[in-house]
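Source file: query23.txt (compact mmCIF, C-alpha atoms)
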# COMPACT_ATOMS: atom_id res chain seq x y z
CA MET A 2 76.22 178.54 134.11
CA THR A 3 78.69 181.10 132.85
CA ASN A 4 79.01 182.18 129.22
CA VAL A 5 82.42 180.52 129.12
CA VAL A 6 80.89 177.17 130.07
CA HIS A 7 78.17 177.67 127.46
CA GLU A 8 80.77 178.38 124.78
CA SER A 9 82.74 175.28 125.80
CA LEU A 10 79.54 173.26 125.74
CA ASN A 11 78.72 174.38 122.19
CA ALA A 12 82.26 173.81 121.00
CA TYR A 13 82.29 170.35 122.58
CA ILE A 14 78.98 169.34 120.97
CA ASP A 15 80.06 170.62 117.55
CA GLY A 16 83.47 168.93 117.72
CA GLU A 17 85.29 172.25 117.66
CA ILE A 18 87.71 171.61 120.54
CA GLY A 19 90.82 169.48 120.75
CA PRO A 20 91.12 166.17 122.64
CA GLU A 21 92.62 167.70 125.80
CA GLU A 22 89.92 170.36 126.15
CA ALA A 23 87.29 167.70 125.37
CA ALA A 24 88.62 165.49 128.19
CA GLU A 25 88.55 168.47 130.55
CA PHE A 26 84.96 169.22 129.62
CA GLU A 27 83.93 165.59 130.07
CA ALA A 28 85.43 165.62 133.57
CA ARG A 29 83.43 168.74 134.32
CA MET A 30 80.21 167.08 133.14
CA THR A 31 80.89 164.12 135.45
CA ASP A 32 81.32 166.45 138.43
CA ASP A 33 78.54 168.90 137.68
CA PRO A 34 75.00 167.54 137.05
CA GLU A 35 73.85 170.97 135.82
CA VAL A 36 76.47 170.96 133.03
CA ARG A 37 75.57 167.37 132.20
CA ALA A 38 71.86 168.26 131.96
CA ALA A 39 72.67 171.29 129.79
CA PHE A 40 74.76 169.08 127.53
CA GLU A 41 71.93 166.58 127.11
CA ALA A 42 69.32 169.25 126.47
CA MET A 43 71.51 171.09 123.94
CA SER A 44 72.43 167.88 122.12
CA ARG A 45 68.76 166.97 121.84
CA GLN A 46 67.88 170.44 120.59
CA ASN A 47 70.61 170.37 117.93
CA LEU A 48 69.52 166.96 116.75
CA GLN A 49 65.91 168.13 116.45
CA LEU A 50 66.97 171.26 114.63
CA GLY A 51 68.99 169.24 112.12
CA GLU A 52 66.01 166.94 111.56
CA ALA A 53 63.59 169.87 111.21
CA LEU A 54 65.81 171.58 108.60
CA GLU A 55 66.31 168.30 106.77
CA ALA A 56 62.52 167.76 106.68
CA LEU A 57 61.74 171.26 105.38
CA ASP A 58 59.64 170.99 102.24
CA THR A 59 61.52 173.16 99.75
CA GLY A 60 59.00 172.26 97.04
CA PRO A 61 59.57 170.56 93.71
CA ALA A 62 62.86 170.99 91.86
CA HIS A 63 62.82 174.11 89.72
CA MET A 64 63.82 174.02 86.03
CA GLN A 65 65.55 177.40 86.10
CA THR A 66 67.50 176.48 89.23
CA GLU A 67 68.64 173.24 87.61
CA ARG A 68 69.64 175.11 84.45
CA LEU A 69 71.71 177.55 86.51
CA LYS A 70 73.26 174.67 88.42
CA ARG A 71 74.35 173.02 85.15
CA LYS A 72 75.71 176.30 83.86
CA LEU A 73 77.69 176.81 87.05
CA ALA A 74 79.06 173.26 86.74
CA ASP A 75 80.14 174.12 83.16
CA ARG A 76 81.98 177.19 84.37
CA LEU A 77 83.60 175.58 87.38
CA VAL A 78 84.70 172.40 85.66
CA ARG A 79 86.96 174.47 83.42
CA ARG A 80 88.76 175.64 86.53
CA VAL A 81 88.90 172.22 88.17
CA ALA A 82 90.00 170.25 85.09
CA PRO A 83 91.16 172.54 82.30
CA ARG A 84 90.66 170.87 78.94
CA ARG A 85 93.69 169.33 77.34
CA ALA A 86 94.57 169.96 73.71
CA THR A 87 91.64 169.31 71.40
CA PRO A 88 91.89 166.32 69.11
CA ALA A 89 94.37 166.85 66.32
CA ILE A 90 92.98 167.34 62.87
CA GLY A 91 94.75 165.65 60.00
CA TRP A 92 94.90 162.62 57.82
CA LEU A 93 94.09 159.42 59.64
CA ARG A 94 97.07 157.23 60.35
CA PRO A 95 96.71 153.78 58.78
CA GLY A 96 96.02 151.98 62.10
CA ALA A 97 93.52 154.60 63.14
CA GLN A 98 91.86 154.34 59.71
CA VAL A 99 91.19 150.65 60.28
CA ALA A 100 89.90 151.28 63.82
CA ALA A 101 87.71 154.12 62.65
CA ALA A 102 86.33 152.00 59.81
CA CYS A 103 85.47 149.24 62.30
CA ALA A 104 83.86 151.74 64.64
CA LEU A 105 81.88 153.24 61.76
CA PHE A 106 80.71 149.79 60.77
CA ALA A 107 79.79 148.83 64.32
CA PHE A 108 78.07 151.98 65.44
CA GLY A 109 77.26 153.85 62.29
CA TRP A 110 76.00 151.77 59.42
CA TRP A 111 75.26 148.48 61.03
CA GLY A 112 73.85 149.88 64.24
CA HIS A 113 72.45 153.08 62.65
CA ALA A 114 73.52 154.87 65.82
CA THR A 115 76.52 156.83 66.99
CA VAL A 116 77.79 156.64 70.54
CA THR A 117 79.94 159.45 71.82
CA THR A 118 81.13 160.74 75.16
CA THR A 119 81.29 164.36 74.06
CA THR A 120 78.17 166.39 74.74
CA SER A 121 79.06 169.43 72.68
CA GLY A 122 77.05 169.96 69.51
CA VAL A 123 73.88 168.19 70.62
CA PRO A 124 70.65 170.01 69.72
CA GLU A 125 69.39 172.33 72.43
CA TYR A 126 66.20 170.32 72.95
CA VAL A 127 68.39 167.35 73.96
CA SER A 128 70.14 169.42 76.66
CA GLU A 129 66.71 170.54 77.86
CA ALA A 130 65.56 166.91 77.93
CA VAL A 131 68.58 165.86 80.01
CA GLY A 132 68.03 168.77 82.41
CA ALA A 133 64.33 167.98 82.70
CA HIS A 134 65.14 164.34 83.41
CA GLN A 135 67.41 165.41 86.23
CA VAL A 136 64.75 167.71 87.66
CA PHE A 137 61.65 165.60 87.37
CA ALA A 138 62.49 161.92 86.80
CA GLY A 139 64.67 161.89 89.90
CA ASP A 140 62.07 163.64 92.04
CA PRO A 141 60.19 161.11 94.18
CA ASP A 142 57.51 163.61 95.27
CA TYR A 143 56.60 165.61 92.15
CA PRO A 144 57.75 163.63 89.10
CA VAL A 145 54.75 164.26 86.85
CA GLU A 146 51.91 166.66 86.13
CA PHE A 147 49.54 163.96 84.82
CA ALA A 148 49.88 160.55 86.41
CA GLY A 149 49.28 157.16 84.80
CA ALA A 150 45.94 156.86 83.00
CA ALA A 151 45.39 160.64 83.08
CA VAL A 152 48.02 160.94 80.32
CA ASP A 153 45.55 159.53 77.75
CA GLY A 154 43.03 162.22 78.67
CA VAL A 155 45.44 165.04 77.87
CA GLU A 156 46.79 163.63 74.61
CA ASP A 157 44.95 166.20 72.48
CA TRP A 158 46.01 169.04 74.75
CA PHE A 159 49.67 167.95 74.59
CA SER A 160 49.43 167.60 70.78
CA GLY A 161 47.93 171.09 70.50
CA LYS A 162 50.72 172.60 72.58
CA ILE A 163 53.51 170.77 70.77
CA GLY A 164 51.90 171.55 67.38
CA VAL A 165 51.86 167.99 65.99
CA PRO A 166 49.99 164.84 67.06
CA ILE A 167 51.91 162.99 69.78
CA SER A 168 51.20 160.21 72.27
CA ALA A 169 53.07 158.22 74.89
CA PRO A 170 54.58 155.09 73.34
CA ASP A 171 54.12 151.79 75.14
CA LEU A 172 57.46 150.57 76.52
CA GLY A 173 56.02 147.58 78.39
CA GLY A 174 58.11 145.29 76.18
CA TYR A 175 61.25 146.62 77.88
CA GLY A 176 59.86 146.13 81.38
CA VAL A 177 59.15 149.82 81.93
CA GLU A 178 55.76 151.34 82.61
CA LEU A 179 54.49 154.88 82.07
CA VAL A 180 54.47 156.87 85.34
CA GLY A 181 53.05 160.06 83.89
CA ALA A 182 53.77 163.13 81.82
CA ARG A 183 54.28 166.85 81.96
CA LEU A 184 54.62 169.77 79.56
CA LEU A 185 57.71 171.94 79.79
CA GLY A 186 58.13 175.47 78.56
CA THR A 187 61.66 176.09 77.26
CA LYS A 188 63.32 178.69 75.08
CA GLU A 189 63.23 176.04 72.33
CA GLY A 190 59.43 175.93 72.61
CA PRO A 191 57.15 173.48 74.43
CA LEU A 192 58.42 169.96 75.17
CA ALA A 193 56.37 166.95 76.24
CA GLN A 194 58.08 164.72 78.78
CA TYR A 195 56.89 161.17 79.47
CA ILE A 196 58.39 159.41 82.49
CA TYR A 197 58.69 155.63 82.69
CA GLU A 198 59.86 153.38 85.50
CA ASP A 199 61.16 149.82 85.58
CA GLY A 200 60.48 147.20 88.26
CA GLU A 201 63.46 148.39 90.31
CA GLY A 202 62.45 152.05 90.33
CA ALA A 203 64.96 153.22 87.69
CA ARG A 204 63.45 155.93 85.53
CA TYR A 205 63.58 156.81 81.86
CA SER A 206 62.19 159.96 80.33
CA LEU A 207 61.15 160.40 76.72
CA THR A 208 60.99 164.00 75.59
CA LEU A 209 59.21 165.05 72.40
CA ALA A 210 59.39 168.37 70.56
CA GLN A 211 58.11 169.61 67.23
CA HIS A 212 60.83 169.27 64.61
CA PRO A 213 61.93 172.70 63.29
CA LYS A 214 61.34 172.65 59.53
CA LYS A 215 64.68 174.25 58.69
CA GLU A 216 66.72 171.67 60.56
CA PRO A 217 67.78 168.28 59.18
CA ILE A 218 66.28 165.01 60.32
CA GLY A 219 68.74 162.53 61.81
CA PRO A 220 69.17 158.91 62.92
CA VAL A 221 69.67 157.80 66.52
CA LYS A 222 72.72 159.18 68.28
CA VAL A 223 73.65 158.22 71.82
CA VAL A 224 75.51 160.63 74.07
CA ASP A 225 76.92 159.88 77.52
CA TYR A 226 76.40 162.50 80.19
CA PRO A 227 77.73 162.08 83.73
CA SER A 228 75.59 159.32 85.28
CA ARG A 229 73.07 159.28 82.45
CA SER A 230 72.81 158.64 78.72
CA VAL A 231 70.56 160.09 76.08
CA GLY A 232 69.54 158.59 72.76
CA TYR A 233 68.06 161.15 70.37
CA TRP A 234 66.75 161.19 66.84
CA ARG A 235 64.92 163.64 64.62
CA THR A 236 62.06 162.98 62.23
CA ALA A 237 60.14 165.21 59.84
CA ASP A 238 57.51 166.08 62.47
CA VAL A 239 58.85 165.23 65.91
CA ASP A 240 62.27 165.25 67.63
CA PHE A 241 62.83 162.62 70.33
CA ALA A 242 65.23 162.28 73.26
CA LEU A 243 65.27 159.23 75.53
CA VAL A 244 67.21 159.74 78.77
CA GLY A 245 68.14 156.90 81.11
CA GLU A 246 70.38 156.50 84.10
CA GLY A 247 71.33 152.89 83.58
CA ASP A 248 73.33 151.11 80.97
CA THR A 249 74.11 153.11 77.82
CA ALA A 250 73.49 149.99 75.72
CA GLU A 251 69.96 149.69 77.13
CA VAL A 252 69.17 153.32 76.29
CA GLN A 253 70.57 152.77 72.80
CA LYS A 254 68.53 149.60 72.31
CA ILE A 255 65.23 151.21 73.34
CA ALA A 256 65.97 154.34 71.29
CA MET A 257 66.80 152.26 68.23
CA ASP A 258 63.64 150.16 68.54
CA LEU A 259 61.47 153.20 69.15
CA SER A 260 62.92 155.10 66.24
CA SER A 261 62.08 152.25 63.91
CA ARG A 262 58.56 151.93 65.33
CA ILE A 263 57.50 155.57 65.44
CA MET B 9 86.41 170.91 58.49
CA ASN B 10 87.97 170.82 55.00
CA PRO B 11 86.64 168.16 52.65
CA GLY B 12 88.86 165.14 52.97
CA ALA B 13 90.20 166.11 56.35
CA HIS B 14 89.54 163.70 59.19
CA THR B 15 89.74 163.79 62.93
CA TYR B 16 91.66 161.35 65.06
CA VAL B 17 91.59 161.31 68.79
CA THR B 18 94.84 160.78 70.69
CA GLN B 19 95.08 158.70 73.88
CA GLU B 20 95.90 161.92 75.70
CA ALA B 21 92.73 163.57 74.43
CA ILE B 22 90.65 160.54 75.46
CA ALA B 23 92.23 160.63 78.94
CA GLY B 24 91.59 164.37 79.10
CA GLU B 25 87.96 163.92 78.12
CA GLN B 26 87.54 161.19 80.76
CA GLU B 27 89.19 163.42 83.35
CA ASN B 28 86.78 166.23 82.48
CA MET B 29 83.80 163.87 82.69
CA ASP B 30 84.91 162.60 86.12
CA ALA B 31 85.52 166.13 87.39
CA ARG B 32 82.15 167.23 86.10
CA ALA B 33 80.33 164.27 87.64
CA GLN B 34 81.96 165.01 91.02
CA LEU B 35 81.11 168.71 90.71
CA GLU B 36 77.50 167.93 89.85
CA ARG B 37 77.19 165.65 92.87
CA ASN B 38 78.66 168.35 95.13
CA LEU B 39 76.44 171.03 93.62
CA ASP B 40 73.32 168.87 94.09
CA GLU B 41 74.14 168.60 97.78
CA TYR B 42 75.12 172.25 98.23
CA VAL B 43 72.11 173.63 96.37
CA ALA B 44 69.78 171.46 98.50
CA SER B 45 71.38 173.02 101.61
CA LEU B 46 71.19 176.49 100.04
CA ARG B 47 67.47 176.02 99.45
CA ARG B 48 66.92 175.13 103.10
CA TYR B 49 69.01 178.06 104.28
CA ALA B 50 67.12 180.35 101.89
CA MET B 51 63.81 179.10 103.32
CA VAL B 52 64.93 180.01 106.82
CA LEU B 53 66.19 183.41 105.65
CA THR B 54 63.21 184.43 103.51
CA ARG B 55 60.40 182.44 105.21
CA ASN B 56 58.75 181.99 101.84
CA ARG B 57 59.21 179.23 99.25
CA ASP B 58 59.08 181.47 96.15
CA ALA B 59 61.38 184.06 97.66
CA ALA B 60 63.74 181.25 98.69
CA GLU B 61 63.86 179.90 95.13
CA ASP B 62 64.52 183.43 93.80
CA LEU B 63 67.35 183.81 96.29
CA VAL B 64 68.89 180.48 95.27
CA GLN B 65 68.67 181.43 91.59
CA GLU B 66 70.20 184.83 92.20
CA THR B 67 73.00 183.18 94.17
CA LEU B 68 73.71 180.76 91.32
CA THR B 69 73.57 183.57 88.74
CA LYS B 70 76.14 185.55 90.72
CA ALA B 71 78.28 182.46 91.18
CA ILE B 72 78.26 181.87 87.41
CA ALA B 73 79.32 185.47 86.79
CA ALA B 74 82.08 185.20 89.41
CA ALA B 75 83.18 181.63 88.60
CA ASP B 76 86.64 182.80 87.58
CA GLN B 77 87.17 184.15 91.09
CA TRP B 78 86.57 180.82 92.78
CA GLN B 79 89.86 179.17 93.70
CA PRO B 80 89.96 175.42 92.96
CA GLY B 81 90.80 173.63 96.18
CA SER B 82 88.94 176.17 98.31
CA ASP B 83 85.59 175.23 99.82
CA LEU B 84 82.93 175.65 97.14
CA ARG B 85 80.13 175.32 99.70
CA VAL B 86 81.43 178.21 101.82
CA TRP B 87 81.85 180.32 98.69
CA LEU B 88 78.23 179.69 97.62
CA PHE B 89 76.81 180.29 101.11
CA ARG B 90 78.76 183.51 101.33
CA ILE B 91 77.32 184.71 98.03
CA MET B 92 73.84 183.82 99.28
CA HIS B 93 74.35 185.62 102.57
CA ASN B 94 75.60 188.80 100.88
CA THR B 95 72.78 188.67 98.35
CA HIS B 96 70.24 188.31 101.13
CA VAL B 97 71.73 191.20 103.12
CA SER B 98 71.63 193.46 100.03
CA GLU B 99 68.04 192.44 99.29
CA ARG B 100 66.99 193.20 102.84
CA ARG B 101 68.56 196.61 102.67
CA ARG B 102 66.85 197.29 99.36
CA HIS B 103 63.40 196.13 100.35
CA LYS B 104 63.57 196.85 104.08
CA VAL B 105 61.97 193.51 104.92
CA ARG B 106 60.36 193.72 108.36
CA GLU B 107 62.20 191.76 111.01
CA ASP B 108 58.90 190.67 112.49
CA ALA B 109 57.53 189.26 109.22
CA ARG B 110 55.10 186.43 109.91
CA LEU B 111 56.55 182.97 109.71
CA MET B 112 55.66 181.41 106.38
CA ILE B 113 57.85 178.35 106.41
CA PRO B 114 55.78 175.43 105.15
CA GLU B 115 55.43 172.60 107.59
CA PRO B 116 57.98 169.79 107.55
CA ILE B 117 57.23 166.80 105.32
CA GLU B 118 57.59 164.33 108.21
CA ASP B 119 54.11 162.93 108.60
CA THR B 120 54.57 159.39 109.79
CA ASP B 121 54.63 160.32 113.46
CA PRO B 122 52.30 163.21 114.41
CA THR B 123 54.10 163.85 117.72
CA LYS B 124 57.43 164.12 115.98
CA ARG B 125 55.92 166.34 113.32
CA ILE B 126 54.67 168.74 116.00
CA GLU B 127 58.08 168.72 117.69
CA LEU B 128 59.91 169.55 114.46
CA GLN B 129 57.46 172.32 113.65
CA GLN B 130 57.94 173.73 117.16
CA VAL B 131 61.68 173.90 116.59
CA LEU B 132 61.15 175.78 113.31
CA ASP B 133 58.62 178.12 114.93
CA ALA B 134 61.03 178.81 117.79
CA LEU B 135 63.84 179.45 115.32
CA GLN B 136 61.78 182.18 113.70
CA GLU B 137 61.38 183.94 117.04
CA LEU B 138 65.12 184.56 117.21
CA PRO B 139 66.73 187.70 115.81
CA GLU B 140 68.37 186.98 112.45
CA ALA B 141 71.86 187.64 113.83
CA GLN B 142 71.43 184.63 116.14
CA ARG B 143 69.39 182.51 113.76
CA GLN B 144 71.97 182.49 110.97
CA PRO B 145 74.90 181.00 112.95
CA ILE B 146 72.64 178.30 114.39
CA VAL B 147 71.27 177.28 111.00
CA LEU B 148 74.64 177.33 109.23
CA VAL B 149 76.15 174.99 111.82
CA ALA B 150 73.08 172.75 111.72
CA LEU B 151 73.16 172.50 107.92
CA LYS B 152 75.49 169.72 106.94
CA GLU B 153 78.15 170.22 109.56
CA MET B 154 79.62 173.54 108.57
CA SER B 155 82.59 174.34 110.83
CA TYR B 156 82.61 177.46 113.02
CA ALA B 157 85.40 178.95 110.92
CA ASP B 158 83.48 178.30 107.67
CA ALA B 159 80.24 179.65 109.09
CA ALA B 160 81.97 182.75 110.48
CA ARG B 161 83.58 183.38 107.07
CA THR B 162 80.20 182.93 105.39
CA LEU B 163 78.66 185.55 107.66
CA ASP B 164 81.75 187.75 107.51
CA LEU B 165 82.04 187.76 111.32
CA PRO B 166 85.08 187.56 113.60
CA LEU B 167 85.22 184.12 115.21
CA GLY B 168 84.66 185.55 118.72
CA THR B 169 81.49 187.32 117.65
CA PHE B 170 80.33 184.15 115.94
CA TYR B 171 80.91 182.11 119.12
CA SER B 172 78.89 184.44 121.28
CA ARG B 173 75.99 184.78 118.81
CA LEU B 174 75.78 181.02 118.43
CA GLY B 175 75.91 180.48 122.19
CA ARG B 176 73.35 183.15 123.03
CA GLY B 177 71.13 182.04 120.17
CA ARG B 178 71.05 178.41 121.25
CA VAL B 179 70.22 179.31 124.84
CA ALA B 180 67.46 181.64 123.64
CA LEU B 181 66.16 178.94 121.30
CA ARG B 182 65.98 176.47 124.17
CA LYS B 183 63.99 178.89 126.29
CA ILE B 184 61.54 179.54 123.44
CA ILE B 185 61.07 175.82 122.76
CA ASP B 186 60.49 175.16 126.47
CA GLY B 187 57.96 178.00 126.49
CA LEU B 188 56.12 176.56 123.49
CA LYS B 189 56.04 173.12 125.09
CA SER B 190 54.59 174.39 128.36
CA LYS B 191 51.93 176.38 126.44
CA ARG B 192 50.99 173.18 124.64
CA LEU B 193 50.84 171.27 127.91
CA LYS B 194 48.52 173.89 129.39
CA LEU B 195 46.25 173.58 126.35
CA VAL B 196 46.17 169.82 126.67
CA VAL B 197 45.48 169.95 130.43

Can the structure in the file be given as structure tokens, please?
Amino acid sequence: MTNVVHESLNAYIDGEIGPEEAAEFEARMTDDPEVRAAFEAMSRQNLQLGEALEALDTGPAHMQTERLKRKLADRLVRRVAPRRATPAIGWLRPGAQVAAACALFAFGWWGHATVTTTTSGVPEYVSEAVGAHQVFAGDPDYPVEFAGAAVDGVEDWFSGKIGVPISAPDLGGYGVELVGARLLGTKEGPLAQYIYEDGEGARYSLTLAQHPKKEPIGPVKVVDYPSRSVGYWRTADVDFALVGEGDTAEVQKIAMDLSSRI
Amino acid sequence: MNPGAHTYVTQEAIAGEQENMDARAQLERNLDEYVASLRRYAMVLTRNRDAAEDLVQETLTKAIAAADQWQPGSDLRVWLFRIMHNTHVSERRRHKVREDARLMIPEPIEDTDPTKRIELQQVLDALQELPEAQRQPIVLVALKEMSYADAARTLDLPLGTFYSRLGRGRVALRKIIDGLKSKRLKLVV
């Protein structure tokens, strides 16, 4: 076969030629068994190649790669959807005052939690927890370092690394079971991540860090990230962040219950 | 904020925030897909998992630094692959990586069907026998349906050159795979 026929064959297989040229090539395949056989062999080879590349084991997700990916998303989103004017600062209008008071009552005092869609201003360990959830909780092959019962055996080691006694809380009451745990090294210091899973395979991660003495403690706050929510709170010894991909209300409920228990 | 001052959020600001969230969610989904393809391409280029991860990270770092140069509406995937390709070419020049470096691509995950697993590994082995100039066009087209024009732009090649490298590469690949198969048959017989 000539090079021209080979080029037409490739272009036909990859959908790079127009309908008229495609019809011409199909007629040629009907008339010439050699071209037909080459087409079949090349199609099979391309299919196998696609499958082989798809099946390549690129290893577990990498924290630094995920961090860079998030940073790139931050930079690019400004170009895709430039922010509109920031909220105006001023005295609340009467109607807004009433709405704000209701919201404060509902989410602040009564619920002891704040729900917000803005992710700016969250402590750095919370961003790390969300990133780590994305990397590990969503990974079906390498989600944890210590699986299931092995977590109990490394409790002292985790506590030593974090600098305060910690353990994996039981979330069986919410229908989620502990899958395992891992330690993460971040620029904020070591973090302990516990991964839980419900009956349908949805995962939650609870990240614990030592509370920096100079920073204030704080009640539960819930922040919505794209496709996931995080409930976080800070105590005198340990800071917590619970990340879930389901309903924000469910994340808030578990975070609220946990914060009152721990 | 001054004591006594309060913040109120206008409908426009809420809509803007929602728009940003939607745009970001879409971008994150696209980036997840593109970075997965970049990792595979990097594995084929570097033949080593750690080196591949380094190449992906360097690509992302450069993309972050050059984010202002990316034109919204243009193909983000092509832009990222082009950065990776240029980074790889510079690295090769710097370190003079040997063309005949031993294949170190880990085996495919596919383990349910041993025959299929062998076949897929044969394709990867054969791919590594090709010169890089032929391997790159083949892999770029195989990875998530990149068009010839996009792949040629990624590799900074005229379309005609791209056509002929792809064509010659695929024919050579077929010969190598056939050769590997007949060797295996001889071993079995």

**Report entry** B:Arg173, B:Lys189, B:Arg48, B:Arg143 ranked by distance to chain A, top pick (using all atoms listed in the file)
**Finding:**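 Nearest to chain A: B:Arg48.
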
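You will find CA of Gly174 in chain A at 16.1 Å from CA of Gly245 in chain A.
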
Query raised in the report: For the atom pair CA of Thr67 in chain B and CA of Leu165 in chain B, what is the interatomic distance in Å to one decimal place?
Result: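 Interatomic distance here is 19.9 Å.
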
Requested in this report: Grab the CA of Gly139 in chain A to CA of Glu67 in chain A distance for me, in Å with one decimal place.
Outcome: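 Interatomic distance here is 12.2 Å.
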
Report task. Please identify all polymer residues within 10 Å of range 84-94 of chain B, counting only C-alpha atoms, omitting same-chain residues fewer than 5 positions from it, and present them as a ChimeraX atom specification. Result -> /A:77 /B:35,38-39,41-43,45-46,49-50,53,63-68,70-71,74,78-79,99-100,144,148,154-155,157-164

Query raised in the report: Closest to chain B among A:Leu172, A:Leu50, A:Val155, A:Ala182, using only C-alpha atoms?
Result: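 With only C-alpha atoms as the atom set, the closest residue is A:Leu50.
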
Query - Of the listed residues B:Ile184, B:Val131, B:Ile126, B:Leu167, that which approaches chain A most closely, counting all atoms listed in the file - result: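 Result for the nearest residue to chain A: B:Val131.
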
Report task. Would you please work out which residue, of B:Asp40, B:Gln142, B:Val147, B:Leu188, is nearest to Phe170 in chain B when using all atoms listed in the file? Result ->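 Counting all atoms listed in the file, the residue closest to Phe170 in chain B is B:Gln142.
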
Query raised in the report: Out of A:Leu10, A:Met64, A:Val81, A:Val224, which residue has the shortest atom-to-atom distance to Ala23 in chain A when counting all atoms listed in the file?
Result: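 Looking only at the distances to Ala23 in chain A, the closest residue turns out to be A:Leu10.
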
Query - Test item: which residues lie within 12 Å of (68.2, 165.4, 84.0) counting all atoms listed in the file, as JSON, numbers by chain - result: {"A": [62, 63, 64, 67, 68, 70, 71, 127, 128, 129, 130, 131, 132, 133, 134, 135, 136, 137, 138, 139, 140, 144, 194, 196, 204, 205, 206, 207, 208, 226, 227, 228, 229, 230, 231, 242, 243, 244, 245, 246], "B": [36, 40]}

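For the choices B:Ala59, B:Val149, B:Leu181, B:Leu128, the atom-to-atom distance to chain A is smallest for B:Leu128 when using all atoms listed in the file.
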
Query raised in the report: Within 9 Å of range 14-18 of chain A, counting only C-alpha atoms, which residues qualify if same-chain residues fewer than 5 places away don't, as a ChimeraX atom specification?
Result: /A:9,23,40,43-44,47 /B:149,153,155-156
